[in-house]
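Chemist: File target-v8.cif follows (mmCIF, C-alpha atoms):
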```cif
data_data
loop_
_atom_site.label_atom_id
_atom_site.label_comp_id
_atom_site.auth_asym_id
_atom_site.auth_seq_id
_atom_site.Cartn_x
_atom_site.Cartn_y
_atom_site.Cartn_z
CA MET A 2 2.08 -4.17 -25.77
CA TYR A 3 4.49 -3.39 -22.94
CA THR A 4 3.85 0.31 -23.42
CA LEU A 5 0.11 -0.22 -23.07
CA GLN A 6 0.58 -2.24 -19.87
CA LEU A 7 2.91 0.39 -18.42
CA CYS A 8 0.43 3.16 -19.15
CA PHE A 9 -2.37 1.15 -17.56
CA CYS A 10 -0.33 0.52 -14.39
CA LEU A 11 0.61 4.17 -14.12
CA SER A 12 -3.01 5.21 -14.51
CA LEU A 13 -3.93 2.87 -11.67
CA ALA A 14 -1.20 4.40 -9.51
CA ILE A 15 -2.52 7.88 -10.22
CA GLY A 16 -6.04 6.74 -9.42
CA VAL A 17 -4.93 5.28 -6.08
CA PHE A 18 -2.68 8.05 -4.85
CA GLY A 19 -4.61 10.90 -6.42
CA ASP A 20 -3.44 14.12 -7.96
CA GLY A 21 -3.95 16.27 -4.88
CA GLU A 22 -5.17 16.28 -1.32
CA VAL A 23 -8.05 17.54 0.77
CA ILE A 24 -7.32 18.76 4.30
CA PHE A 25 -10.09 19.31 6.84
CA LEU A 26 -8.79 21.96 9.24
CA SER A 27 -12.03 22.46 11.15
CA LYS A 28 -15.23 20.45 11.59
CA PRO A 29 -18.52 20.64 13.51
CA PRO A 30 -18.84 18.68 16.78
CA ASN A 31 -20.89 15.80 15.34
CA VAL A 32 -18.53 15.03 12.43
CA GLU A 33 -15.50 12.75 12.73
CA PHE A 34 -12.91 11.78 10.13
CA ARG A 35 -11.05 8.48 10.21
CA GLY A 36 -8.44 6.81 8.05
CA HIS A 37 -6.93 8.15 4.87
CA GLU A 38 -9.04 6.63 2.10
CA PRO A 39 -8.83 8.41 -1.28
CA CYS A 40 -11.80 10.56 -2.22
CA ASP A 41 -12.99 12.21 -5.41
CA THR A 42 -14.96 15.34 -6.23
CA GLY A 43 -18.32 13.63 -5.67
CA ILE A 44 -17.32 12.46 -2.19
CA VAL A 45 -16.09 15.94 -1.21
CA LYS A 46 -19.44 17.37 -2.34
CA ASP A 47 -21.27 14.81 -0.22
CA ILE A 48 -19.05 15.45 2.81
CA CYS A 49 -19.85 19.16 2.65
CA SER A 50 -23.57 18.49 2.17
CA THR A 51 -23.67 15.94 4.99
CA SER A 52 -21.92 18.34 7.35
CA LEU A 53 -24.68 20.89 6.68
CA GLY A 54 -27.35 18.27 7.46
CA PHE A 55 -28.43 17.53 3.88
CA THR A 56 -29.27 13.98 2.79
CA THR A 57 -26.61 12.27 0.65
CA TYR A 58 -25.94 8.74 -0.57
CA GLN A 59 -22.35 8.31 -1.74
CA THR A 60 -20.71 9.07 1.62
CA SER A 61 -22.49 6.10 3.22
CA GLU A 62 -20.13 3.83 1.30
CA TRP A 63 -17.00 5.91 1.98
CA PRO A 64 -15.35 4.86 5.28
CA GLY A 65 -13.67 8.18 6.11
CA LEU A 66 -16.69 10.09 7.45
CA TYR A 67 -18.66 9.37 10.64
CA ILE A 68 -21.68 11.26 11.97
CA ASN A 69 -21.76 10.92 15.74
CA SER A 70 -25.17 12.51 16.31
CA PRO A 71 -28.02 14.06 14.34
CA PHE A 72 -27.44 17.39 16.08
CA ASN A 73 -24.84 20.16 15.97
CA PHE A 74 -24.39 20.20 12.21
CA ALA A 75 -22.16 22.79 10.61
CA GLU A 76 -23.57 26.26 10.08
CA SER A 77 -21.08 27.02 7.32
CA VAL A 78 -18.77 25.32 4.84
CA VAL A 79 -15.59 27.11 3.78
CA VAL A 80 -13.57 25.74 0.87
CA VAL A 81 -10.19 27.09 -0.25
CA ALA A 82 -9.51 25.52 -3.66
CA LEU A 83 -5.88 25.61 -4.83
CA HIS A 84 -5.79 24.93 -8.56
CA GLY A 85 -2.72 23.28 -10.09
CA VAL A 86 -1.11 22.41 -6.74
CA ALA A 87 -0.54 18.80 -5.67
CA SER A 88 0.05 19.57 -1.99
CA LEU A 89 0.26 22.68 0.15
CA GLY A 90 2.42 21.02 2.80
CA LEU A 91 0.17 21.70 5.78
CA ASN A 92 1.07 19.65 8.85
CA GLU A 93 -2.29 19.98 10.62
CA GLY A 94 -5.81 18.79 10.00
CA HIS A 95 -7.05 15.47 8.65
CA LYS A 96 -5.77 14.66 5.16
CA PHE A 97 -7.16 12.47 2.41
CA PRO A 98 -5.71 11.81 -1.06
CA PHE A 99 -7.86 13.55 -3.65
CA VAL A 100 -8.66 12.50 -7.20
CA ALA A 101 -10.11 15.34 -9.29
CA ASP A 102 -12.46 13.43 -11.58
CA SER A 103 -14.33 16.65 -12.40
CA PRO A 104 -13.66 20.41 -12.09
CA LEU A 105 -13.38 21.79 -8.56
CA ASP A 106 -16.02 24.41 -9.34
CA GLU A 107 -18.63 21.62 -9.35
CA ILE A 108 -18.33 21.50 -5.56
CA TRP A 109 -19.48 25.10 -5.32
CA THR A 110 -22.26 24.55 -7.86
CA SER A 111 -23.55 21.51 -5.98
CA LEU A 112 -23.53 23.22 -2.57
CA GLU A 113 -25.17 26.37 -3.91
CA SER A 114 -28.00 24.41 -5.56
CA LYS A 115 -28.66 22.30 -2.46
CA VAL A 116 -28.83 25.33 -0.18
CA LEU A 117 -31.09 27.23 -2.58
CA GLU A 118 -33.32 24.18 -3.01
CA ARG A 119 -34.09 24.18 0.70
CA TYR A 120 -33.68 27.90 1.44
CA PRO A 121 -34.58 30.09 -1.57
CA TYR A 122 -33.10 33.54 -2.01
CA GLY A 123 -34.48 36.15 0.34
CA GLU A 124 -33.79 34.27 3.56
CA ASN A 125 -30.43 36.03 4.12
CA GLN A 126 -28.14 33.04 3.82
CA SER A 127 -24.56 33.71 2.68
CA LEU A 128 -23.56 32.05 -0.57
CA VAL A 129 -20.20 33.53 -1.51
CA GLU A 130 -17.89 32.47 -4.32
CA ILE A 131 -14.71 34.54 -4.72
CA ASN A 132 -12.24 34.02 -7.53
CA CYS A 133 -9.11 35.59 -6.14
CA ASP A 134 -7.77 36.37 -9.62
CA ASP A 135 -10.74 38.68 -10.29
CA ASP A 136 -10.67 42.35 -9.41
CA VAL A 137 -11.38 43.58 -5.91
CA ARG A 138 -14.74 45.05 -6.89
CA ALA A 139 -16.09 41.62 -7.85
CA ALA A 140 -15.02 40.21 -4.49
CA GLU A 141 -16.66 43.12 -2.66
CA ILE A 142 -19.94 42.52 -4.51
CA ASN A 143 -19.93 38.78 -3.74
CA LEU A 144 -18.98 39.25 -0.09
CA ASN A 145 -21.43 42.16 0.37
CA LYS A 146 -19.68 43.60 3.43
CA GLY A 147 -18.33 46.89 2.15
CA ASN A 148 -14.96 47.89 0.76
CA LEU A 149 -11.99 45.56 1.17
CA LYS A 150 -8.68 47.03 2.30
CA LEU A 151 -5.82 45.22 0.60
CA LYS A 152 -2.47 45.07 2.39
CA ARG A 153 0.15 43.40 0.24
CA PRO A 154 2.33 41.02 2.29
CA SER A 155 6.06 41.59 2.45
CA VAL A 156 8.06 39.12 0.38
CA LYS A 157 11.70 38.18 -0.04
CA TYR A 158 11.95 35.85 -3.04
CA LEU A 159 8.75 36.69 -4.91
CA LYS A 160 9.21 39.54 -7.38
CA GLU A 161 6.43 42.06 -7.76
CA SER A 162 7.88 43.09 -11.09
CA GLU A 163 6.98 39.67 -12.53
CA ASP A 164 3.37 39.33 -13.65
CA GLU A 165 2.86 35.84 -12.20
CA ASP A 166 4.40 36.77 -8.84
CA ASN A 167 2.45 40.01 -8.67
CA SER A 168 -0.82 38.23 -9.45
CA PHE A 169 -0.18 35.66 -6.73
CA ILE A 170 0.65 38.33 -4.13
CA SER A 171 -2.57 40.16 -5.03
CA GLN A 172 -4.60 36.98 -4.52
CA VAL A 173 -3.08 36.39 -1.09
CA ALA A 174 -3.75 40.02 -0.18
CA LEU A 175 -7.39 39.59 -1.23
CA LEU A 176 -7.80 36.51 0.97
CA GLN A 177 -6.31 38.39 3.92
CA ALA A 178 -8.65 41.34 3.26
CA VAL A 179 -11.67 39.01 3.24
CA SER A 180 -10.49 37.51 6.51
CA ASP A 181 -10.15 40.96 8.10
CA LYS A 182 -13.57 42.04 6.83
CA ILE A 183 -15.35 38.97 8.22
CA GLU A 184 -13.57 39.44 11.53
CA GLU A 185 -14.74 43.06 11.54
CA LYS A 186 -18.32 42.63 10.30
CA GLY A 187 -19.08 39.10 11.48
CA VAL A 188 -21.73 36.88 9.88
CA PRO A 189 -25.55 37.01 10.03
CA ALA A 190 -26.90 34.97 12.95
CA ASP A 191 -29.86 33.58 11.01
CA GLY A 192 -29.31 29.88 11.71
CA LEU A 193 -29.19 29.10 7.98
CA PRO A 194 -26.30 27.29 6.27
CA ASP A 195 -23.63 29.47 4.65
CA VAL A 196 -21.13 28.50 1.96
CA PHE A 197 -17.88 30.30 1.16
CA PHE A 198 -15.80 29.12 -1.80
CA PHE A 199 -12.40 30.69 -2.57
CA ASN A 200 -10.62 29.89 -5.84
CA VAL A 201 -6.85 30.46 -5.70
CA LYS A 202 -5.14 29.96 -9.05
CA GLY A 203 -2.03 32.12 -8.64
CA LEU A 204 0.20 29.49 -7.01
CA HIS A 205 0.15 27.21 -10.04
CA PRO A 206 2.10 29.49 -12.45
CA VAL A 207 4.62 30.33 -9.70
CA ILE A 208 5.39 26.61 -9.29
CA ASP A 209 5.68 26.16 -13.05
CA ILE A 210 8.18 29.03 -13.35
CA TYR A 211 10.42 28.45 -10.33
CA GLY A 212 10.06 24.74 -9.61
CA GLU A 213 8.55 22.86 -6.67
CA ASN A 214 11.67 22.96 -4.48
CA SER A 215 12.67 26.59 -5.04
CA ASN A 216 12.84 29.22 -2.30
CA THR A 217 10.25 31.27 -4.17
CA VAL A 218 7.67 28.47 -4.13
CA THR A 219 8.44 27.72 -0.48
CA GLU A 220 7.79 31.37 0.37
CA ALA A 221 4.60 31.36 -1.70
CA LYS A 222 3.27 28.24 0.03
CA ASN A 223 4.10 29.67 3.45
CA LEU A 224 2.11 32.79 2.55
CA VAL A 225 -0.88 30.67 1.60
CA ILE A 226 -0.55 28.54 4.76
CA SER A 227 -0.47 31.56 7.08
CA THR A 228 -3.40 33.16 5.24
CA VAL A 229 -5.46 29.95 5.36
CA GLN A 230 -4.79 29.54 9.07
CA GLN A 231 -5.88 33.12 9.71
CA LEU A 232 -9.02 32.58 7.63
CA LYS A 233 -9.81 29.36 9.51
CA GLU A 234 -9.53 31.06 12.91
CA VAL A 235 -11.80 33.89 11.80
CA PHE A 236 -14.51 31.51 10.58
CA GLU A 237 -14.24 29.33 13.69
CA GLN A 238 -14.78 32.38 15.85
CA ALA A 239 -17.60 33.73 13.67
CA TYR A 240 -19.51 30.42 13.68
CA GLN A 241 -18.50 29.30 17.18
CA ASN A 242 -16.62 26.22 15.93
CA LYS A 243 -19.59 25.04 13.85
CA THR A 244 -17.87 25.30 10.50
CA LEU A 245 -16.40 22.79 8.08
CA PHE A 246 -13.17 24.34 6.79
CA LEU A 247 -11.22 22.47 4.13
CA VAL A 248 -8.31 23.16 1.82
CA LEU A 249 -8.59 21.40 -1.52
CA SER A 250 -5.52 21.16 -3.75
CA SER A 251 -5.53 19.53 -7.16
CA ASP A 252 -2.80 19.21 -9.76
CA SER A 253 -5.22 17.90 -12.36
CA ALA A 254 -3.95 20.46 -14.86
CA HIS A 255 -0.83 18.30 -15.19
CA THR A 256 -2.06 14.77 -14.50
CA ARG A 257 -5.13 15.06 -16.75
CA ARG A 258 -2.87 15.14 -19.81
CA PHE A 259 -1.60 11.66 -18.95
CA ARG A 260 -5.10 10.42 -18.14
CA ARG A 261 -6.35 11.61 -21.50
CA ALA A 262 -3.61 9.59 -23.21
CA THR A 263 -4.39 6.42 -21.25
CA THR A 264 -8.10 6.89 -21.97
CA GLU A 265 -7.39 6.99 -25.69
CA LEU A 266 -5.41 3.75 -25.38
CA ALA A 267 -8.33 2.10 -23.58
CA THR A 268 -11.04 3.04 -26.06
CA ASP A 269 -10.76 -0.30 -27.89
CA ARG A 270 -11.17 -2.50 -24.79
CA ASN A 271 -14.93 -2.90 -25.11
CA LEU A 272 -15.53 -1.49 -21.61
CA ALA A 273 -19.02 -1.47 -20.14
CA PRO A 274 -20.87 1.88 -20.15
CA VAL A 275 -20.94 3.96 -16.97
CA TYR A 276 -24.42 4.21 -15.45
CA ASP A 277 -25.87 6.72 -13.06
CA GLU A 278 -25.72 5.83 -9.35
CA ASN A 279 -29.53 5.65 -9.22
CA TYR A 280 -29.71 3.16 -12.09
CA PRO A 281 -29.95 0.02 -9.84
CA VAL A 282 -32.81 1.59 -7.87
CA PHE A 283 -34.92 2.39 -10.93
CA PHE A 284 -34.03 -0.92 -12.53
CA ASN A 285 -35.31 -2.91 -9.54
CA ILE A 286 -38.45 -0.78 -9.26
CA PHE A 287 -39.42 -1.30 -12.89
CA LEU A 288 -38.37 -4.97 -12.93
CA TRP A 289 -40.35 -6.14 -9.89
CA PHE A 290 -43.36 -3.95 -10.64
CA THR A 291 -43.53 -5.43 -14.14
CA ILE A 292 -43.24 -8.99 -12.81
CA ALA A 293 -45.90 -8.39 -10.13
CA PHE A 294 -48.22 -6.72 -12.65
CA ILE A 295 -47.91 -9.59 -15.14
CA MET A 296 -48.49 -12.22 -12.43
CA THR A 297 -51.55 -10.32 -11.21
CA ILE A 298 -53.04 -10.23 -14.72
CA ILE A 299 -52.38 -13.95 -15.21
CA ALA A 300 -53.94 -14.84 -11.85
CA THR A 301 -57.00 -12.65 -12.47
CA SER A 302 -57.51 -14.10 -15.96
CA THR A 303 -57.17 -17.68 -14.69
CA VAL A 304 -59.66 -17.19 -11.86
CA THR A 305 -62.15 -15.50 -14.18
CA ALA A 306 -61.86 -18.24 -16.81
CA CYS A 307 -62.42 -21.03 -14.25
CA MET A 308 -65.35 -19.33 -12.54
CA ASP A 309 -68.72 -21.20 -12.33
CA PRO A 310 -71.31 -18.76 -13.73
CA GLY A 311 -74.24 -20.37 -11.94
CA ARG A 312 -72.76 -20.39 -8.47
CA ASP A 313 -69.74 -18.18 -8.07
CA SER A 314 -70.44 -15.08 -10.06
CA ILE A 315 -73.11 -12.57 -9.17
CA ILE A 316 -72.25 -10.83 -12.43
CA TYR A 317 -73.57 -13.72 -14.51
CA ARG A 318 -76.63 -14.23 -12.33
CA MET A 319 -77.69 -10.58 -12.33
CA THR A 320 -77.23 -10.21 -16.08
CA SER A 321 -79.00 -13.45 -17.11
CA THR A 322 -81.91 -13.03 -19.56
CA ARG A 323 -83.98 -15.48 -17.49
CA MET A 324 -83.29 -13.88 -14.15
CA LYS A 325 -85.83 -14.86 -11.45
CA LYS A 326 -87.37 -12.27 -9.23
CA ASP A 327 -89.03 -12.75 -5.88
CA ASN A 328 -92.41 -11.01 -5.87
#
```
For the structure just supplied, provide its representation as structure tokens.
Modeler:
Amino acid sequence: MYTLQLCFCLSLAIGVFGDGEVIFLSKPPNVEFRGHEPCDTGIVKDICSTSLGFTTYQTSEWPGLYINSPFNFAESVVVVALHGVASLGLNEGHKFPFVADSPLDEIWTSLESKVLERYPYGENQSLVEINCDDDVRAAEINLNKGNLKLKRPSVKYLKESEDEDNSFISQVALLQAVSDKIEEKGVPADGLPDVFFFNVKGLHPVIDIYGENSNTVTEAKNLVISTVQQLKEVFEQAYQNKTLFLVLSSDSAHTRRFRRATTELATDRNLAPVYDENYPVFFNIFLWFTIAFIMTIIATSTVTACMDPGRDSIIYRMTSTRMKKDN
């Protein structure tokens, strides 16, 4: 019994403090962030959509986002997703605790579908997803700006002879190459929303091997921080400060194991089912329409039954077998 209570309390603590953080390093002029309320994957998706001017619902109940005017929305959203990392240690930007209740890739999928729903392919908008652990050719195809020139950063503690270290260095080099290419080529001035999503998975194994407080991990995080800052400056210049740039870190690869265990312990608690967010809307529509329809039928039937055929109803008078005609 005590074990069950302890697990439940720990799961609440994880839910409150999150398993990562989201840092907004740049924002459009009409967007303002306040407080430090926790947010989940759905809220981050809505924040990105709202910043682009798309209609959303969940963010209206989240107190961290304010829209100051209906103008000057973001022209681009740039997301750097750090998988398996609880915190990058950035000291700038506006931070919120993050709870990864679904895969980070869902943010990209949601943004891509919303942009394509309003602006189908062929209108020259940039929708770019780059997995930094893929080969360079895949990144060049997605970015569509020519060949990328990779310059591997100099390191002191990271070892290029180790596979995990070498993979991480290559991912950082790819991010830097993308930053240089966008600075060189610029972005299309078509006035349509652009989305850039960068998946960085190489920092996670480095932390697992060397430990969070090691010099190697500190060097690795500093490399990511300097690269992210360079990338942010390039996008701010390219979009004239009308970009939403955020760094999303999630250590759900570790915390999800504990959540799965607590979920198994809670399966016998007879919890209510989880409904879709639109369920109350449809429920009220069907409920009140049904009530109004039934009351209308009852009222119509009652009036018809109490009708005087000789005086009130032209239907009875015109269909009578002894109908009188004026000649």
Chemist: So which one's closest to A:Lys222, A:Tyr158, A:Trp109, A:Phe25, A:Phe290? Using all atoms listed in the file, please.
Modeler: A:Tyr158
Chemist: With only C-alpha atoms as the counted atoms, please give the residues lying no more than 9 Å from A:Phe198, apart from itself and same-chain residues fewer than 6 positions off, as a ChimeraX atom specification.
Modeler: /A:78-82,106,108-109,128-132
Chemist: Could you tell me which of A:Ile226, A:Val235, A:Glu165, A:Ala174 comes closest to A:Tyr211 if we count only C-alpha atoms?
Modeler: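 Going through A:Ile226, A:Val235, A:Glu165, A:Ala174 one by one, the smallest distance to A:Tyr211 is for A:Glu165.
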Chemist: Please evaluate the PyMOL selection byres ((chain A and resi 20) around 6) against the structure above and give the resulting residues as a ChimeraX atom specification.
Modeler: /A:19,21,87,100,251-252
Chemist: Rounded to one decimal place, report the atom CA of A:Glu107-atom CA of A:Asn145 distance in Å.
Modeler: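 Taking atom CA of A:Glu107 and atom CA of A:Asn145, their separation equals 22.9 Å.
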Chemist: Can you give me, as a ChimeraX atom specification, the residues this file yields under the PyMOL selection byres ((chain A and resi 220) around 12)?
Modeler: /A:89-90,154-160,166,169-170,204,207-208,211,213-219,221-227
Chemist: Could you tell me which of A:Val282, A:Cys40, A:Ile298, A:Val229 comes closest to A:Phe99 if we count all atoms listed in the file?
Modeler: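 For A:Phe99, the nearest of the given residues is A:Cys40.
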Chemist: Give the answer as one residue: which of A:Cys49, A:Ala139, A:Cys133, A:Ala75 has the shortest atom-to-atom distance to A:Glu237, using only C-alpha atoms?
Modeler: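 That would be A:Ala75, the residue with the smallest distance to A:Glu237.
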Chemist: Hey, can you check how far atom CA of A:Val248 sits from atom CA of A:Phe34?
Modeler: 14.8 Å
Chemist: Rank A:Asn148, A:Ser27, A:Thr305, A:Ser103 by their smallest atom-to-atom distance to A:Ser253, using all atoms listed in the file, and report the top residue only.
Modeler: A:Ser103
Chemist: Starting from the PyMOL selection byres ((chain A and resi 43) around 12), expand the selection into actual residues of this file and give them as an MDAnalysis selection string.
Modeler: chainID A and resid 39:42 44:50 57:60 63 99:112 278
Chemist: In Å, how far is it from atom CA of A:Lys202 to atom CA of A:Glu76?
Modeler: 26.8 Å
Chemist: Looking at A:Val201, A:Leu245, A:Ala306, A:Ile210, which one is nearest to A:Gly85, with distances taken over all atoms listed in the file?
Modeler: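 Looking at the shortest contact to A:Gly85, the residue is A:Val201.
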Chemist: Counting only C-alpha atoms, write as a compact mmCIF listing (two decimals) with C-alpha atoms, in the coordinates of the input all protein and nucleic acid residues lying at most 12 Å from (-22.1, 9.1, 17.7) in the file's frame.
Modeler:
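What ended up in out-v1.txt:
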```txt
# COMPACT_ATOMS: atom_id res chain seq x y z
CA PRO A 30 -18.84 18.68 16.78
CA ASN A 31 -20.89 15.80 15.34
CA VAL A 32 -18.53 15.03 12.43
CA GLU A 33 -15.50 12.75 12.73
CA LEU A 66 -16.69 10.09 7.45
CA TYR A 67 -18.66 9.37 10.64
CA ILE A 68 -21.68 11.26 11.97
CA ASN A 69 -21.76 10.92 15.74
CA SER A 70 -25.17 12.51 16.31
CA PRO A 71 -28.02 14.06 14.34
CA PHE A 72 -27.44 17.39 16.08
CA ASN A 73 -24.84 20.16 15.97
```
Chemist: Would you be able to write out as a ChimeraX atom specification which residues have an atom within 12 Å of (-24.3, 38.3, 7.1) in the file's coordinates, counting all atoms listed in the file?
Modeler: /A:77,124-129,143-147,182-197,239-240
Chemist: Padding of 8 Å on every side, edges along x, y and z, all listed atoms of stretch 149-158 of chain A included: what centre and edge lengths in Å, to one decimal, does that box have, as lines of an AutoDock Vina configuration file?
Modeler:
```
center_x = 0.0
center_y = 41.4
center_z = -0.3
size_x = 39.9
size_y = 27.2
size_z = 21.5
```
